[in-house]
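J.: Dropping in structure.cif, which is mmCIF, C-alpha atoms:
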```cif
data_query
loop_
_atom_site.group_PDB
_atom_site.id
_atom_site.type_symbol
_atom_site.label_atom_id
_atom_site.label_comp_id
_atom_site.auth_asym_id
_atom_site.auth_seq_id
_atom_site.Cartn_x
_atom_site.Cartn_y
_atom_site.Cartn_z
ATOM 1 C CA MET A 59 77.776 108.963 159.987
ATOM 2 C CA THR A 60 80.030 111.800 161.144
ATOM 3 C CA LYS A 61 82.954 113.092 159.078
ATOM 4 C CA GLU A 62 85.353 111.693 161.668
ATOM 5 C CA ARG A 63 83.840 108.221 161.418
ATOM 6 C CA GLN A 64 83.785 108.415 157.628
ATOM 7 C CA GLY A 65 87.445 109.392 157.648
ATOM 8 C CA ALA A 66 88.309 106.601 160.087
ATOM 9 C CA VAL A 67 86.634 103.992 157.892
ATOM 10 C CA ALA A 68 88.287 105.436 154.777
ATOM 11 C CA ALA A 69 91.721 105.377 156.422
ATOM 12 C CA MET A 70 91.185 101.781 157.481
ATOM 13 C CA VAL A 71 90.201 100.820 153.928
ATOM 14 C CA CYS A 72 93.301 102.604 152.584
ATOM 15 C CA ALA A 73 95.478 100.591 154.975
ATOM 16 C CA LEU A 74 93.760 97.339 153.955
ATOM 17 C CA CYS A 75 94.310 98.159 150.274
ATOM 18 C CA PHE A 76 98.037 98.544 150.928
ATOM 19 C CA ILE A 77 98.126 95.308 152.947
ATOM 20 C CA ILE A 78 96.325 93.357 150.213
ATOM 21 C CA GLY A 79 98.492 94.914 147.528
ATOM 22 C CA LEU A 80 101.793 94.105 149.200
ATOM 23 C CA ALA A 81 100.655 90.632 150.300
ATOM 24 C CA VAL A 82 99.712 89.609 146.759
ATOM 25 C CA VAL A 83 102.922 90.961 145.221
ATOM 26 C CA PHE A 84 105.283 89.495 147.806
ATOM 27 C CA LEU A 85 103.557 86.199 148.591
ATOM 28 C CA ILE A 86 101.654 85.128 145.472
ATOM 29 C CA VAL A 87 103.324 86.816 142.466
ATOM 30 C CA PRO A 88 106.863 87.780 143.584
ATOM 31 C CA ASP A 89 108.007 88.090 139.946
ATOM 32 C CA PHE A 90 105.370 90.728 139.167
ATOM 33 C CA ASN A 91 107.716 93.739 139.208
ATOM 34 C CA GLN A 92 110.792 92.163 137.596
ATOM 35 C CA ASN A 93 110.186 93.094 133.948
ATOM 36 C CA ALA A 94 107.566 93.200 131.214
ATOM 37 C CA GLU A 95 107.940 89.531 130.289
ATOM 38 C CA GLN A 96 107.499 88.294 133.855
ATOM 39 C CA ARG A 97 104.485 90.523 134.377
ATOM 40 C CA LEU A 98 102.864 89.114 131.256
ATOM 41 C CA VAL A 99 103.443 85.597 132.578
ATOM 42 C CA VAL A 100 101.769 86.590 135.851
ATOM 43 C CA PHE A 101 98.769 87.964 133.964
ATOM 44 C CA MET A 102 98.499 84.772 131.931
ATOM 45 C CA GLU A 103 98.551 82.610 135.059
ATOM 46 C CA HIS A 104 96.510 84.836 137.406
ATOM 47 C CA LYS A 105 94.231 86.937 135.191
ATOM 48 C CA LEU A 106 91.253 87.386 137.523
ATOM 49 C CA LEU A 107 93.435 87.727 140.620
ATOM 50 C CA MET A 108 95.477 90.538 139.075
ATOM 51 C CA GLN A 109 92.412 92.362 137.771
ATOM 52 C CA LEU A 110 90.930 92.183 141.261
ATOM 53 C CA TRP A 111 94.292 93.307 142.666
ATOM 54 C CA TYR A 112 94.318 96.394 140.453
ATOM 55 C CA PHE A 113 90.703 97.128 141.368
ATOM 56 C CA VAL A 114 91.422 97.027 145.104
ATOM 57 C CA VAL A 115 94.827 98.730 145.080
ATOM 58 C CA TYR A 116 93.860 101.459 142.639
ATOM 59 C CA VAL A 117 90.091 101.934 142.329
ATOM 60 C CA VAL A 118 89.004 101.177 145.902
ATOM 61 C CA PHE A 119 92.027 102.973 147.301
ATOM 62 C CA GLY A 120 91.411 106.045 145.141
ATOM 63 C CA VAL A 121 87.803 106.410 146.286
ATOM 64 C CA SER A 122 88.772 105.845 149.941
ATOM 65 C CA LEU A 123 91.560 108.404 149.621
ATOM 66 C CA LEU A 124 89.071 111.072 148.600
ATOM 67 C CA ALA A 125 86.810 110.272 151.561
ATOM 68 C CA LEU A 126 89.761 110.435 153.948
ATOM 69 C CA SER A 127 91.007 113.695 152.486
ATOM 70 C CA ARG A 128 87.599 115.323 152.871
ATOM 71 C CA SER A 129 87.498 114.276 156.507
ATOM 72 C CA LEU A 130 91.026 115.469 157.325
ATOM 73 C CA LEU A 131 90.548 118.796 155.571
ATOM 74 C CA ALA A 132 87.130 119.508 157.094
ATOM 75 C CA GLN A 133 86.952 122.551 159.354
ATOM 76 C CA ARG A 134 84.225 123.312 161.858
ATOM 77 C CA THR A 135 84.278 127.067 161.282
ATOM 78 C CA GLY A 136 85.788 129.525 158.828
ATOM 79 C CA GLU A 137 86.972 129.200 155.258
ATOM 80 C CA HIS A 138 89.650 126.837 154.041
ATOM 81 C CA SER A 139 93.137 128.305 153.861
ATOM 82 C CA PHE A 140 95.081 128.375 150.603
ATOM 83 C CA LEU A 141 97.143 125.408 151.847
ATOM 84 C CA GLU A 142 93.988 123.397 152.519
ATOM 85 C CA GLN A 143 92.538 124.290 149.130
ATOM 86 C CA MET A 144 95.755 123.178 147.417
ATOM 87 C CA SER A 145 95.763 119.946 149.449
ATOM 88 C CA SER A 146 92.173 119.277 148.401
ATOM 89 C CA LEU A 147 93.146 119.814 144.753
ATOM 90 C CA ILE A 148 96.130 117.472 145.121
ATOM 91 C CA SER A 149 93.862 114.878 146.716
ATOM 92 C CA TYR A 150 91.521 114.922 143.723
ATOM 93 C CA LEU A 151 94.433 114.850 141.285
ATOM 94 C CA TRP A 152 96.087 111.868 142.989
ATOM 95 C CA ALA A 153 92.775 110.017 143.225
ATOM 96 C CA CYS A 154 92.085 110.606 139.514
ATOM 97 C CA TYR A 155 95.650 109.555 138.686
ATOM 98 C CA ILE A 156 95.271 106.319 140.657
ATOM 99 C CA LEU A 157 91.861 105.554 139.172
ATOM 100 C CA ALA A 158 93.149 106.136 135.639
ATOM 101 C CA CYS A 159 96.193 103.889 136.143
ATOM 102 C CA GLY A 160 94.075 101.154 137.689
ATOM 103 C CA LEU A 161 91.387 101.158 135.017
ATOM 104 C CA ILE A 162 93.988 101.207 132.234
ATOM 105 C CA ALA A 163 95.689 98.187 133.805
ATOM 106 C CA ILE A 164 92.434 96.251 134.267
ATOM 107 C CA LEU A 165 91.301 96.897 130.695
ATOM 108 C CA SER A 166 94.790 96.154 129.355
ATOM 109 C CA ILE A 167 94.723 92.678 130.896
ATOM 110 C CA GLU A 168 91.318 92.075 129.335
ATOM 111 C CA PHE A 169 92.596 93.351 125.985
ATOM 112 C CA ILE A 170 95.547 90.948 126.077
ATOM 113 C CA PHE A 171 93.300 87.944 126.624
ATOM 114 C CA THR A 172 90.715 89.083 124.079
ATOM 115 C CA ASN A 173 93.428 89.275 121.394
ATOM 116 C CA ASN A 174 95.299 86.165 122.488
ATOM 117 C CA SER A 175 94.288 84.384 119.265
ATOM 118 C CA ASN A 176 96.625 86.594 117.209
ATOM 119 C CA GLY A 177 99.732 84.685 118.280
ATOM 120 C CA THR A 178 102.225 84.802 121.134
ATOM 121 C CA ASN A 179 104.728 87.072 119.385
ATOM 122 C CA ASN A 180 102.088 89.651 118.541
ATOM 123 C CA ILE A 181 100.730 89.585 122.098
ATOM 124 C CA SER A 182 104.218 90.032 123.538
ATOM 125 C CA GLU A 183 104.883 93.061 121.338
ATOM 126 C CA THR A 184 101.496 94.588 122.164
ATOM 127 C CA TRP A 185 102.104 94.001 125.854
ATOM 128 C CA ARG A 186 105.519 95.713 125.724
ATOM 129 C CA GLN A 187 103.832 98.827 124.364
ATOM 130 C CA ILE A 188 101.168 98.720 127.078
ATOM 131 C CA TYR A 189 103.834 98.086 129.721
ATOM 132 C CA ASN A 190 105.819 101.119 128.560
ATOM 133 C CA ILE A 191 102.687 103.265 128.838
ATOM 134 C CA GLN A 192 102.022 101.995 132.374
ATOM 135 C CA MET A 193 105.605 102.660 133.441
ATOM 136 C CA GLY A 194 105.481 106.067 131.757
ATOM 137 C CA LEU A 195 102.413 106.914 133.807
ATOM 138 C CA GLY A 196 104.484 106.147 136.893
ATOM 139 C CA GLU A 197 103.130 102.819 138.101
ATOM 140 C CA GLY A 198 105.252 101.693 141.046
ATOM 141 C CA VAL A 199 106.735 105.161 141.539
ATOM 142 C CA GLU A 200 105.290 106.773 144.643
ATOM 143 C CA TRP A 201 106.298 110.404 144.236
ATOM 144 C CA VAL A 202 102.751 111.555 143.452
ATOM 145 C CA GLY A 203 101.518 109.931 146.649
ATOM 146 C CA ALA A 204 104.436 111.527 148.489
ATOM 147 C CA ILE A 205 103.260 114.968 147.365
ATOM 148 C CA TRP A 206 99.815 114.192 148.779
ATOM 149 C CA VAL A 207 101.329 113.050 152.082
ATOM 150 C CA ILE A 208 103.373 116.265 152.300
ATOM 151 C CA SER A 209 100.370 118.476 151.593
ATOM 152 C CA ILE A 210 98.047 116.646 154.007
ATOM 153 C CA ASN A 211 100.595 116.622 156.824
ATOM 154 C CA SER A 212 101.315 120.296 156.230
ATOM 155 C CA CYS A 213 97.604 120.973 156.735
ATOM 156 C CA LEU A 214 97.496 118.852 159.886
ATOM 157 C CA HIS A 215 100.497 120.759 161.224
ATOM 158 C CA TYR A 216 98.856 124.079 160.336
ATOM 159 C CA GLN A 217 95.583 123.060 162.003
ATOM 160 C CA ASN A 218 97.420 121.749 165.085
ATOM 161 C CA ARG A 219 94.810 118.996 165.482
ATOM 162 C CA TYR A 220 97.014 115.908 165.503
ATOM 163 C CA PRO A 221 100.140 114.718 167.363
ATOM 164 C CA LYS A 222 103.437 116.072 166.063
ATOM 165 C CA SER A 223 104.886 112.555 166.046
ATOM 166 C CA LEU A 224 102.288 111.489 163.485
ATOM 167 C CA ILE A 225 103.014 114.525 161.323
ATOM 168 C CA ILE A 226 106.783 113.921 161.476
ATOM 169 C CA MET A 227 106.182 110.311 160.512
ATOM 170 C CA GLY A 228 104.170 111.531 157.544
ATOM 171 C CA PHE A 229 106.980 113.772 156.342
ATOM 172 C CA ILE A 230 109.482 110.907 156.650
ATOM 173 C CA ILE A 231 107.168 108.674 154.608
ATOM 174 C CA ALA A 232 106.848 111.415 151.987
ATOM 175 C CA ALA A 233 110.638 111.765 151.759
ATOM 176 C CA ILE A 234 110.938 108.013 151.110
ATOM 177 C CA GLY A 235 108.254 108.230 148.435
ATOM 178 C CA MET A 236 110.054 111.086 146.698
ATOM 179 C CA LEU A 237 113.203 108.970 146.472
ATOM 180 C CA THR A 238 111.404 106.638 144.049
ATOM 181 C CA LEU A 239 111.860 109.347 141.408
ATOM 182 C CA TYR A 240 115.472 108.122 141.202
ATOM 183 C CA PRO A 241 115.225 104.873 139.142
ATOM 184 C CA PRO A 242 117.788 102.831 141.145
ATOM 185 C CA LEU A 243 115.726 103.548 144.300
ATOM 186 C CA ALA A 244 112.327 102.723 142.790
ATOM 187 C CA GLU A 245 112.211 99.475 144.769
ATOM 188 C CA ILE A 246 111.921 101.356 148.067
ATOM 189 C CA GLY A 247 108.336 102.043 147.064
ATOM 190 C CA ALA A 248 107.564 98.919 149.119
ATOM 191 C CA ILE A 249 108.923 100.669 152.222
ATOM 192 C CA PHE A 250 106.735 103.662 151.403
ATOM 193 C CA GLY A 251 103.743 101.323 151.258
ATOM 194 C CA LEU A 252 104.561 99.579 154.533
ATOM 195 C CA LEU A 253 104.959 102.853 156.418
ATOM 196 C CA GLN A 254 101.791 104.218 154.848
ATOM 197 C CA ILE A 255 99.887 101.298 156.374
ATOM 198 C CA PHE A 256 100.910 102.367 159.886
ATOM 199 C CA TRP A 257 100.162 106.020 159.094
ATOM 200 C CA PHE A 258 96.662 105.226 157.814
ATOM 201 C CA LEU A 259 95.945 103.023 160.842
ATOM 202 C CA ALA A 260 97.132 105.759 163.210
ATOM 203 C CA ILE A 261 94.921 108.316 161.453
ATOM 204 C CA SER A 262 91.970 105.923 161.667
ATOM 205 C CA ILE A 263 92.430 105.466 165.426
ATOM 206 C CA LEU A 264 92.738 109.207 166.035
ATOM 207 C CA LEU A 265 89.628 109.979 163.997
ATOM 208 C CA LEU A 266 87.654 107.351 165.910
ATOM 209 C CA ARG A 267 88.776 108.941 169.184
ATOM 210 C CA LYS A 268 87.708 112.365 167.968
ATOM 211 C CA ASN A 269 84.351 110.944 166.914
ATOM 212 C CA THR A 270 83.860 109.421 170.385
ATOM 213 C CA GLN A 271 84.753 112.710 172.083
ATOM 214 C CA ASN A 272 82.230 114.602 169.932
ATOM 215 C CA ILE A 273 79.336 112.250 170.687
#
```
Rewrite the structure of this file - the entire thing - as C-alpha cells.

T.:
Amino acid sequence: MTKERQGAVAAMVCALCFIIGLAVVFLIVPDFNQNAEQRLVVFMEHKLLMQLWYFVVYVVFGVSLLALSRSLLAQRTGEHSFLEQMSSLISYLWACYILACGLIAILSIEFIFTNNSNGTNNISETWRQIYNIQMGLGEGVEWVGAIWVISINSCLHYQNRYPKSLIIMGFIIAAIGMLTLYPPLAEIGAIFGLLQIFWFLAISILLLRKNTQNI
C-alpha cells in the first residue's frame, strides 16, 4: 500500500472517529458534557458504550492521526525542513496526548464500577477527583489539536502540494480550536469537530487522487 493510500485511509478513519464521537454525544448521551454528576450518570447507564466511545474517539483516532501525519509529511526527495520536523514532533505529541487521555478515561470508568460496592457517596467523591484530572488534562478543549492543524497546514502550504482553499480552511478550523482555550467558548469545540470531518474527508479524496495519478 502506497503512502498516499495509507494516508487516505487514515484520514477517512479520522473523519469516521469524529462522526461517531459527535453522533454518540449529541444523539445518545446529550447530557454527557454538562457536569461531573451528569457524566457519572451516563457512565452508570452506558458503561460499555462509553468505554467503546473513548476507544474509538481517542485510541483509534490517535493511531490514525499518526498514519495520516506520516503520509502528509512524506517527501519524495531531500531532507525534511525544520517546519516539517516540528510538525512531525507535534503529531507524535498530540497522538500521545490523545492516547493518554483516552486510556485514562477507559480505565477510570472500569475503576468506578470495580469500586461501586463502597457506597454511592464515596464513588461520587472519587469520580469528582477523576473528573477534575480529566478536565485538567484538557478533555473537550481542542487547542492542542488546533496546534497540529496549524503546523500541518503550514507544511502543506510550504510544500505547495495541495489547494490553497483546503489550507485556508485548515487555518480557520485551527483558529476555532484555539478559541476553546477561553472557558466560555469551550462549547465551540463541537464546531471544530464538525469542520475537521470535512477537512479529513477532503484530504482523503486528494490523497486518493494522488495515489491514482502515481499508479

J.: As an exercise, work out the distance from CA of Thr172 in chain A to CA of Met102 in chain A in Å and give it to one decimal place.

T.: 11.9 Å

J.: Can I get the residues of range 116-234 of chain A within 9 Å of range 72-91 of chain A, each with the closest pair of atoms and their distance in Å to one decimal, using all atoms listed in the file, sorted chain first then ascending number, as a tab-separated table?

T.:
```
residue	atom	partner	partner_atom	distance
A:Tyr116	CA	A:Cys75	CA	8.3
A:Val118	CA	A:Cys75	CA	7.5
A:Phe119	CA	A:Cys72	CA	5.4
A:Gly120	CA	A:Cys72	CA	8.4
A:Ser122	CA	A:Cys72	CA	6.2
A:Leu123	CA	A:Cys72	CA	6.7
A:Leu126	CA	A:Cys72	CA	8.7
A:Gly198	CA	A:Asn91	CA	8.5
```

J.: To one decimal place, how far is CA of Phe140 in chain A from CA of Asn218 in chain A in Å?

T.: 16.1 Å

J.: Mind pulling up the distance from CA of Leu239 in chain A to CA of Ser262 in chain A?

T.: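 Going from CA of Ser262 in chain A over to CA of Leu239 in chain A, I get 28.6 Å.
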
J.: Which residues are near Tyr189 in chain A? Cut-off 10 Å, only C-alpha atoms, ignore same chain within fewer than 5 positions. Put them as a list in words.

T.: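 Skipping anything fewer than 5 positions along the chain leaves Asn93, Ala94, Glu95, Arg97, Leu98, Ala163, Ser166, Glu183, Thr184, Gly194, Leu195 and Glu197 of chain A.
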
J.: Using all atoms listed in the file for the distances, tell me which of A:Ile231, A:Ile210, A:Ile164, A:Val99 is nearest to Phe256 in chain A.

T.: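 Smallest separation from Phe256 in chain A among the options: A:Ile231.
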
J.: I'd like the box whose edges run along x, y and z of the file and which contains every listed atom of range 95-101 of chain A, padded by 4 Å per side; could you state its centre and edge lengths in Å, one decimal, as AutoDock Vina command-line options?

T.:
```
--center_x 103.4 --center_y 88.1 --center_z 133.1 --size_x 17.2 --size_y 12.9 --size_z 13.6
```

J.: Measuring atom to atom with only C-alpha atoms, identify which of A:Ser209, A:Gln217, A:Gln192, A:Thr238 is nearest to Ala132 in chain A.

T.: A:Gln217

J.: When distances are computed from all atoms listed in the file, which of A:Ser223, A:Ile148, A:Cys154, A:Leu237 shows the smallest separation from Ile208 in chain A?

T.: A:Ile148

J.: With all atoms listed in the file as the basis for distance, which of A:Asn190, A:Ser127, A:Gln96, A:Ser182 is at the shortest distance from Leu214 in chain A?

T.: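 Once distances to Leu214 in chain A are computed over all atoms listed in the file, the minimum belongs to A:Ser127.
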
J.: Go through A:Ile226, A:Leu141, A:Tyr240, A:Gly251 one by one, measure the shortest atom-to-atom distance of each to Val115 in chain A using only C-alpha atoms, and give the residue with the smallest value.

T.: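 Of A:Ile226, A:Leu141, A:Tyr240, A:Gly251, the one nearest Val115 in chain A is A:Gly251, counting only C-alpha atoms.
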
J.: Residue by residue, what does the PyMOL selection byres ((chain A and resi 201) around 9) grab here? Present the result as a list in words.

T.: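 Checking the PyMOL selection byres ((chain A and resi 201) around 9) against this file, the residues are Gly196, Val199, Glu200, Val202, Gly203, Ala204, Ile205, Trp206, Ala232, Ala233, Ile234, Gly235, Met236, Leu237, Thr238 and Leu239 of chain A.
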
J.: List, as a compact mmCIF listing (two decimals) with C-alpha atoms, in the frame of the given file, every residue that the PyMOL selection byres ((chain A and resi 142) around 9) selects in the file provided.

T.:
```
# COMPACT_ATOMS: atom_id res chain seq x y z
CA LEU A 131 90.55 118.80 155.57
CA HIS A 138 89.65 126.84 154.04
CA SER A 139 93.14 128.30 153.86
CA PHE A 140 95.08 128.38 150.60
CA LEU A 141 97.14 125.41 151.85
CA GLN A 143 92.54 124.29 149.13
CA MET A 144 95.76 123.18 147.42
CA SER A 145 95.76 119.95 149.45
CA SER A 146 92.17 119.28 148.40
CA LEU A 147 93.15 119.81 144.75
CA SER A 209 100.37 118.48 151.59
CA ILE A 210 98.05 116.65 154.01
CA SER A 212 101.32 120.30 156.23
CA CYS A 213 97.60 120.97 156.74
```

J.: What's around Leu265 in chain A at 10 Å? Count all atoms listed in the file, leave out sequence neighbours fewer than 6 positions away in its own chain, and write the answer as a list in words.

T.: Lys61, Glu62, Arg63, Gln64, Gly65, Ala66, Val67, Ala69, Ser129, Leu130, Tyr220, Leu259 and Gln271 of chain A

J.: Which one of A:Tyr112, A:Trp185, A:Phe229, A:Tyr155 sits closest to Phe169 in chain A if you count all atoms listed in the file?

T.: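 The shortest atom-to-atom distance to Phe169 in chain A comes from A:Trp185.
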